[in-house]
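> Encoded as C-alpha cells, here's the structure I'll be asking about.
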Amino acid sequence: MNANPSYINLYRTGELRKRITSLNNMLGKCELCPRLCQVNRLQGELGFCRAGAQLQISSAFPHFGEEAPLVGTGGSGTIFFTHCNLRCLFCQNYDISHQGNGETISSEQLAHIMHTLQERGCHNINLVTPTHYLPQIIAALPSAIDGGLHIPLVYNCGGYESLEIIKLLDGIIDIYMPDVKCADRGVAEQYTQAPDYPEVVKGVVKEMHRQAGDLHINEGGMAERGLLIRHLVMPQGLAGTRDIMHFIASEISCNSYVNIMNQYRPEYKSCNFPELNRAITRREYDEAIACAHAEGLSKGFS
C-alpha cells in the first residue's frame, strides 16, 4: 500500500490546516452541497440534510461487502455518517440517512476511530455519506495523522456534491467513490428531490477524475488512488443506465472502474410507487451490463 497518501503531504506543508479553516467557516452559512441552504448550523439551525454542528455516526467497522479492491484481507474501514443531502425515496439505509439513527462524537473521537480501524488491519478509511459533515471529518485528520494514520481515504458519496467543495478536497482524498444514480431530471426530481442531480453529478465526477485519475490497483490487488463509480440498476430503466455508461466512456474514461449494482430492492417509500415496488429482473441487469460493454467499459463488473 502507498506509504504516503496525499493528505499527509498537505498536512506537512500546512495546507491541510487552511482547508480545515475554509470548511469550518461554511458551518455558519452552510453551502456544503448544491442545496445551498445557508443555515447557521453553529446556532442550531438545520437545513435539508438535517445535520447539525456536531458529528454523528451510526457505525464504524471493517466492511467485507465493499468492492474487492477496497476489501482485501482486512476489510474496508467503513464509517457510516448519519443524515444525507438527498432524499431518495428508495433509500436502502433510510434509518441512517433519513431518520438519523446514530451517536454524536467529536472530531478527536473520529480520529481515534480511524486509527483503530487501521490497527485492526483495514486497508482504507471509507467515509460513507460524508458530504454534510466534511468540516468535522477533515478536522479529525491532523490528530489522526499524528497518531499514525497512513492508509487511503475513500470518499463514498451519493454524487450530489458542491463542485467548489470537491475542489477543496484535492490532495486530501485518495479514492473517490460516487454513486451516479440517474440521468433524467424528471426521475431525479421525483425520487431524490434534486432535479439538477444529473448535471451536478457529471461535473463532480469529471473533477474527481481530474484529481485522482482512473482507479490504480497495486500488485496486491488493493486500490491506492483513483475514481471508482457506482451505479445502481433500477426497475424499468429508471436510472438511465445507457446514458450514464455513455457519459462515463465518452467524458470520463473507458478505463473507468464501474460497479454496476444489482441489489436494488423496494425500501423506504418505494412501495408507494408501482414502478419502484419490485426488485430488478435478471434481464434488466443483463441489459445494463450490455450497455456498458457497448461503450467499451469492462472494469468492475462481470
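Every chain in the C-alpha cells has a letter given in the order shown (A, B, ...), and although residue numbers restart at 1 in each chain, ligands are simply numbered from 1 in the order shown.
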For Leu55 of chain A, please output as number ranges by chain all residues within 12 Å (counting only C-alpha atoms; exclusion window: fewer than 3 positions along the same chain).
A: 27, 41-42, 50-52, 58, 79-83, 100, 102-110, 130-140
> Which residues come within 8 Å of segment 217-232 of chain A, counting only C-alpha atoms, excluding same-chain residues fewer than 6 positions away, as an MDAnalysis selection string?
chainID A and resid 1:2 68:72 123 152 174:181 208:209 239 241 256:264
> So, counting only C-alpha atoms, which residue among A:Arg19, A:Arg12, A:Arg283, A:Lys299 is closest to Ile165 of chain A?
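So, comparing all the options, the nearest one is A:Arg19.
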> Residues at most 10 Å from Phe64 of chain A, counting only C-alpha atoms, excluding those fewer than 6 positions away in the same chain, as a VMD selection string?
chain A and resid 70 to 78 122
> May I have the residues from that selection written out with N, CA, C and O atoms, as a PDB file, in the first residue's frame?

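Everything below was put into again15.pdb:
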```
ATOM      1  N   LEU A  70     -11.126  -2.648  -2.464  1.00  0.00           N
ATOM      2  CA  LEU A  70     -11.150  -1.933  -1.185  1.00  0.00           C
ATOM      3  C   LEU A  70     -11.069  -2.878   0.010  1.00  0.00           C
ATOM      4  O   LEU A  70     -10.681  -2.473   1.100  1.00  0.00           O
ATOM      5  N   VAL A  71     -11.430  -4.134  -0.211  1.00  0.00           N
ATOM      6  CA  VAL A  71     -11.620  -5.061   0.907  1.00  0.00           C
ATOM      7  C   VAL A  71     -10.368  -5.839   1.272  1.00  0.00           C
ATOM      8  O   VAL A  71      -9.961  -5.877   2.445  1.00  0.00           O
ATOM      9  N   GLY A  72      -9.735  -6.495   0.291  1.00  0.00           N
ATOM     10  CA  GLY A  72      -8.545  -7.295   0.578  1.00  0.00           C
ATOM     11  C   GLY A  72      -8.785  -8.320   1.658  1.00  0.00           C
ATOM     12  O   GLY A  72      -9.851  -8.940   1.737  1.00  0.00           O
ATOM     13  N   THR A  73      -7.815  -8.484   2.529  1.00  0.00           N
ATOM     14  CA  THR A  73      -7.929  -9.443   3.629  1.00  0.00           C
ATOM     15  C   THR A  73      -8.389  -8.802   4.934  1.00  0.00           C
ATOM     16  O   THR A  73      -8.917  -9.483   5.808  1.00  0.00           O
ATOM     17  N   GLY A  74      -8.207  -7.476   5.048  1.00  0.00           N
ATOM     18  CA  GLY A  74      -8.521  -6.811   6.311  1.00  0.00           C
ATOM     19  C   GLY A  74      -9.801  -6.010   6.308  1.00  0.00           C
ATOM     20  O   GLY A  74     -10.213  -5.485   7.342  1.00  0.00           O
ATOM     21  N   GLY A  75     -10.436  -5.904   5.153  1.00  0.00           N
ATOM     22  CA  GLY A  75     -11.677  -5.151   5.066  1.00  0.00           C
ATOM     23  C   GLY A  75     -11.458  -3.668   4.813  1.00  0.00           C
ATOM     24  O   GLY A  75     -10.349  -3.149   4.924  1.00  0.00           O
ATOM     25  N   SER A  76     -12.538  -3.013   4.457  1.00  0.00           N
ATOM     26  CA  SER A  76     -12.539  -1.562   4.273  1.00  0.00           C
ATOM     27  C   SER A  76     -13.013  -0.924   5.568  1.00  0.00           C
ATOM     28  O   SER A  76     -14.069  -1.290   6.097  1.00  0.00           O
ATOM     29  N   GLY A  77     -12.247   0.013   6.104  1.00  0.00           N
ATOM     30  CA  GLY A  77     -12.571   0.644   7.381  1.00  0.00           C
ATOM     31  C   GLY A  77     -13.716   1.629   7.224  1.00  0.00           C
ATOM     32  O   GLY A  77     -13.507   2.835   7.078  1.00  0.00           O
ATOM     33  N   THR A  78     -14.930   1.121   7.283  1.00  0.00           N
ATOM     34  CA  THR A  78     -16.114   1.880   6.891  1.00  0.00           C
ATOM     35  C   THR A  78     -16.739   2.620   8.066  1.00  0.00           C
ATOM     36  O   THR A  78     -17.004   2.032   9.115  1.00  0.00           O
ATOM     37  N   CYS A 122      -7.546  -2.755   8.498  1.00  0.00           N
ATOM     38  CA  CYS A 122      -8.289  -2.235   7.356  1.00  0.00           C
ATOM     39  C   CYS A 122      -7.336  -1.579   6.359  1.00  0.00           C
ATOM     40  O   CYS A 122      -6.333  -0.973   6.739  1.00  0.00           O
TER      41      CYS A 122
END
```
> For Gly47 of chain A, which residue out of A:Ala60, A:Cys84, A:Ile145, A:Ala194 is the nearest one, using only C-alpha atoms?
A:Cys84
> So which bits of segment 129-269 of chain A end up helix (DSSP H, G or I) when you DSSP the backbone, as a ChimeraX atom specification?
/A:131-139,141-146,163-168,185-192,197-212,235-237,241-252
> Skip Ile244 of chain A itself and residues of its chain fewer than 4 positions away, then list as a PyMOL selection string all residues within 7 Å of it, counting only C-alpha atoms.
chain A and resi 183+240+248
> Return the single residue from A:Pro5, A:Glu164, A:Glu15, A:Pro235 that is closest to Arg265 of chain A, with distances computed using only C-alpha atoms.
A:Pro235
> Just the strand (DSSP E) stuff from segment 111-221 of chain A, please, per backbone DSSP, written as a CSV table (one decimal) with N, CA, C and O atoms, in the first residue's frame.

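Generated file (part_22.csv):
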```
chain,number,residue,atom,x,y,z
A,125,ILE,N,-9.8,4.0,4.9
A,125,ILE,CA,-10.9,4.6,5.7
A,125,ILE,C,-12.0,5.0,4.7
A,125,ILE,O,-11.8,5.9,3.9
A,126,ASN,N,-13.1,4.4,4.8
A,126,ASN,CA,-14.2,4.5,3.9
A,126,ASN,C,-15.3,5.4,4.5
A,126,ASN,O,-16.0,5.0,5.4
A,127,LEU,N,-15.3,6.7,4.1
A,127,LEU,CA,-16.2,7.7,4.6
A,127,LEU,C,-17.6,7.6,3.9
A,127,LEU,O,-17.6,8.1,2.7
A,128,VAL,N,-18.6,7.1,4.5
A,128,VAL,CA,-19.9,6.9,3.8
A,128,VAL,C,-20.9,8.0,4.1
A,128,VAL,O,-21.2,8.3,5.2
A,153,LEU,N,-7.9,7.5,2.0
A,153,LEU,CA,-9.2,7.9,2.4
A,153,LEU,C,-10.1,7.7,1.2
A,153,LEU,O,-9.8,8.1,0.1
A,154,VAL,N,-11.3,7.1,1.5
A,154,VAL,CA,-12.3,6.9,0.4
A,154,VAL,C,-13.5,7.8,0.6
A,154,VAL,O,-14.0,7.8,1.7
A,155,TYR,N,-13.8,8.6,-0.4
A,155,TYR,CA,-15.0,9.5,-0.3
A,155,TYR,C,-16.1,8.8,-1.0
A,155,TYR,O,-16.3,8.8,-2.2
A,156,ASN,N,-17.0,8.2,-0.2
A,156,ASN,CA,-18.1,7.3,-0.6
A,156,ASN,C,-19.4,8.2,-0.5
A,156,ASN,O,-20.0,8.3,0.5
A,157,CYS,N,-19.9,8.7,-1.7
A,157,CYS,CA,-20.9,9.7,-1.6
A,157,CYS,C,-22.0,9.4,-2.6
A,157,CYS,O,-21.9,8.5,-3.5
A,175,ILE,N,-9.2,8.2,-2.9
A,175,ILE,CA,-10.1,7.4,-3.7
A,175,ILE,C,-11.5,8.0,-3.6
A,175,ILE,O,-12.1,8.1,-2.6
A,176,TYR,N,-12.0,8.4,-4.8
A,176,TYR,CA,-13.4,8.9,-4.9
A,176,TYR,C,-14.3,7.8,-5.3
A,176,TYR,O,-14.1,7.1,-6.3
A,177,MET,N,-15.4,7.6,-4.6
A,177,MET,CA,-16.4,6.5,-4.9
A,177,MET,C,-17.8,7.1,-4.9
A,177,MET,O,-18.6,6.9,-4.0
A,178,PRO,N,-18.2,7.8,-6.0
A,178,PRO,CA,-19.5,8.4,-6.0
A,178,PRO,C,-20.5,7.5,-6.7
A,178,PRO,O,-20.2,6.6,-7.5
A,216,HIS,N,-6.3,3.2,-9.5
A,216,HIS,CA,-5.0,2.4,-9.6
A,216,HIS,C,-5.0,1.3,-8.5
A,216,HIS,O,-5.2,1.6,-7.3
A,217,ILE,N,-4.8,0.1,-9.0
A,217,ILE,CA,-4.8,-1.1,-8.1
A,217,ILE,C,-3.4,-1.6,-8.1
A,217,ILE,O,-2.8,-1.9,-9.2
```
> Using Å and a single decimal, report how far atom CA of Asn4 of chain A sits from atom CA of Ile151 of chain A.
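A separation of 8.0 Å between them.
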> Please identify all polymer residues within 10 Å of Cys91 of chain A, counting only C-alpha atoms, omitting same-chain residues fewer than 6 positions from it, and present them as a PDB file with N, CA, C and O atoms, in the first residue's frame.

```
ATOM      1  N   SER A  97     -29.798   7.481   6.981  1.00  0.00           N
ATOM      2  CA  SER A  97     -29.753   8.701   6.176  1.00  0.00           C
ATOM      3  C   SER A  97     -30.960   9.611   6.373  1.00  0.00           C
ATOM      4  O   SER A  97     -30.833  10.833   6.340  1.00  0.00           O
ATOM      5  N   HIS A  98     -32.133   9.047   6.587  1.00  0.00           N
ATOM      6  CA  HIS A  98     -33.348   9.843   6.767  1.00  0.00           C
ATOM      7  C   HIS A  98     -33.695  10.040   8.237  1.00  0.00           C
ATOM      8  O   HIS A  98     -34.043  11.143   8.649  1.00  0.00           O
ATOM      9  N   TYR A 191     -37.732  11.258  -7.376  1.00  0.00           N
ATOM     10  CA  TYR A 191     -37.270  10.252  -6.422  1.00  0.00           C
ATOM     11  C   TYR A 191     -36.150  10.707  -5.495  1.00  0.00           C
ATOM     12  O   TYR A 191     -35.853  10.036  -4.506  1.00  0.00           O
ATOM     13  N   THR A 192     -35.492  11.858  -5.795  1.00  0.00           N
ATOM     14  CA  THR A 192     -34.416  12.338  -4.920  1.00  0.00           C
ATOM     15  C   THR A 192     -34.602  13.788  -4.492  1.00  0.00           C
ATOM     16  O   THR A 192     -33.789  14.312  -3.726  1.00  0.00           O
ATOM     17  N   TYR A 264     -30.796  -3.628  -6.081  1.00  0.00           N
ATOM     18  CA  TYR A 264     -31.971  -2.799  -5.806  1.00  0.00           C
ATOM     19  C   TYR A 264     -33.102  -3.662  -5.238  1.00  0.00           C
ATOM     20  O   TYR A 264     -33.404  -4.747  -5.747  1.00  0.00           O
ATOM     21  N   ARG A 265     -33.721  -3.140  -4.192  1.00  0.00           N
ATOM     22  CA  ARG A 265     -34.902  -3.785  -3.610  1.00  0.00           C
ATOM     23  C   ARG A 265     -35.820  -2.676  -3.088  1.00  0.00           C
ATOM     24  O   ARG A 265     -35.342  -1.601  -2.703  1.00  0.00           O
ATOM     25  N   PRO A 266     -37.107  -2.894  -3.064  1.00  0.00           N
ATOM     26  CA  PRO A 266     -38.027  -1.861  -2.588  1.00  0.00           C
ATOM     27  C   PRO A 266     -37.808  -1.579  -1.101  1.00  0.00           C
ATOM     28  O   PRO A 266     -37.928  -2.477  -0.275  1.00  0.00           O
ATOM     29  N   GLU A 267     -37.460  -0.357  -0.785  1.00  0.00           N
ATOM     30  CA  GLU A 267     -37.253   0.057   0.598  1.00  0.00           C
ATOM     31  C   GLU A 267     -37.869   1.436   0.800  1.00  0.00           C
ATOM     32  O   GLU A 267     -38.223   2.126  -0.146  1.00  0.00           O
ATOM     33  N   TYR A 268     -37.967   1.822   2.045  1.00  0.00           N
ATOM     34  CA  TYR A 268     -38.441   3.142   2.459  1.00  0.00           C
ATOM     35  C   TYR A 268     -39.795   3.444   1.830  1.00  0.00           C
ATOM     36  O   TYR A 268     -40.754   2.713   2.061  1.00  0.00           O
ATOM     37  N   LYS A 269     -39.922   4.454   0.988  1.00  0.00           N
ATOM     38  CA  LYS A 269     -41.215   4.845   0.433  1.00  0.00           C
ATOM     39  C   LYS A 269     -41.447   4.303  -0.975  1.00  0.00           C
ATOM     40  O   LYS A 269     -42.418   4.688  -1.629  1.00  0.00           O
ATOM     41  N   SER A 270     -40.591   3.434  -1.442  1.00  0.00           N
ATOM     42  CA  SER A 270     -40.720   2.936  -2.813  1.00  0.00           C
ATOM     43  C   SER A 270     -42.007   2.145  -3.026  1.00  0.00           C
ATOM     44  O   SER A 270     -42.491   2.025  -4.155  1.00  0.00           O
TER      45      SER A 270
END
```
> Pick out the residues sitting within 7 Å of Ala249 of chain A, and hand them over as a PyMOL selection string; count only C-alpha atoms, and ignore anything fewer than 3 positions along from it in its own chain.
chain A and resi 245-246+252-254+295-297
> Could you write those residues out with N, CA and C atoms, as a compact mmCIF listing (two decimals), in the first residue's frame?

```txt
# COMPACT_ATOMS: atom_id res chain seq x y z
N MET A 245 -23.64 5.12 -18.88
CA MET A 245 -22.47 4.41 -19.39
C MET A 245 -21.83 5.19 -20.54
N HIS A 246 -22.66 5.81 -21.38
CA HIS A 246 -22.12 6.62 -22.48
C HIS A 246 -21.35 7.81 -21.92
N ILE A 252 -15.42 10.62 -19.25
CA ILE A 252 -14.50 10.31 -18.14
C ILE A 252 -13.36 9.45 -18.68
N SER A 253 -13.57 8.15 -18.82
CA SER A 253 -12.52 7.27 -19.32
C SER A 253 -13.08 5.88 -19.58
N CYS A 254 -12.66 5.28 -20.68
CA CYS A 254 -13.05 3.89 -20.96
C CYS A 254 -12.38 2.93 -19.98
N GLU A 295 -20.24 0.41 -24.72
CA GLU A 295 -19.49 1.66 -24.64
C GLU A 295 -18.00 1.43 -24.45
N GLY A 296 -17.60 0.16 -24.39
CA GLY A 296 -16.17 -0.14 -24.22
C GLY A 296 -15.73 -0.20 -22.78
N LEU A 297 -16.66 -0.23 -21.85
CA LEU A 297 -16.33 -0.34 -20.43
C LEU A 297 -16.25 -1.80 -20.04
```
> Suppose you want the space between atom CA of Pro34 of chain A and atom CA of Gln99 of chain A; what is it in Å?
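Atom CA of Gln99 of chain A lies 21.1 Å from atom CA of Pro34 of chain A.
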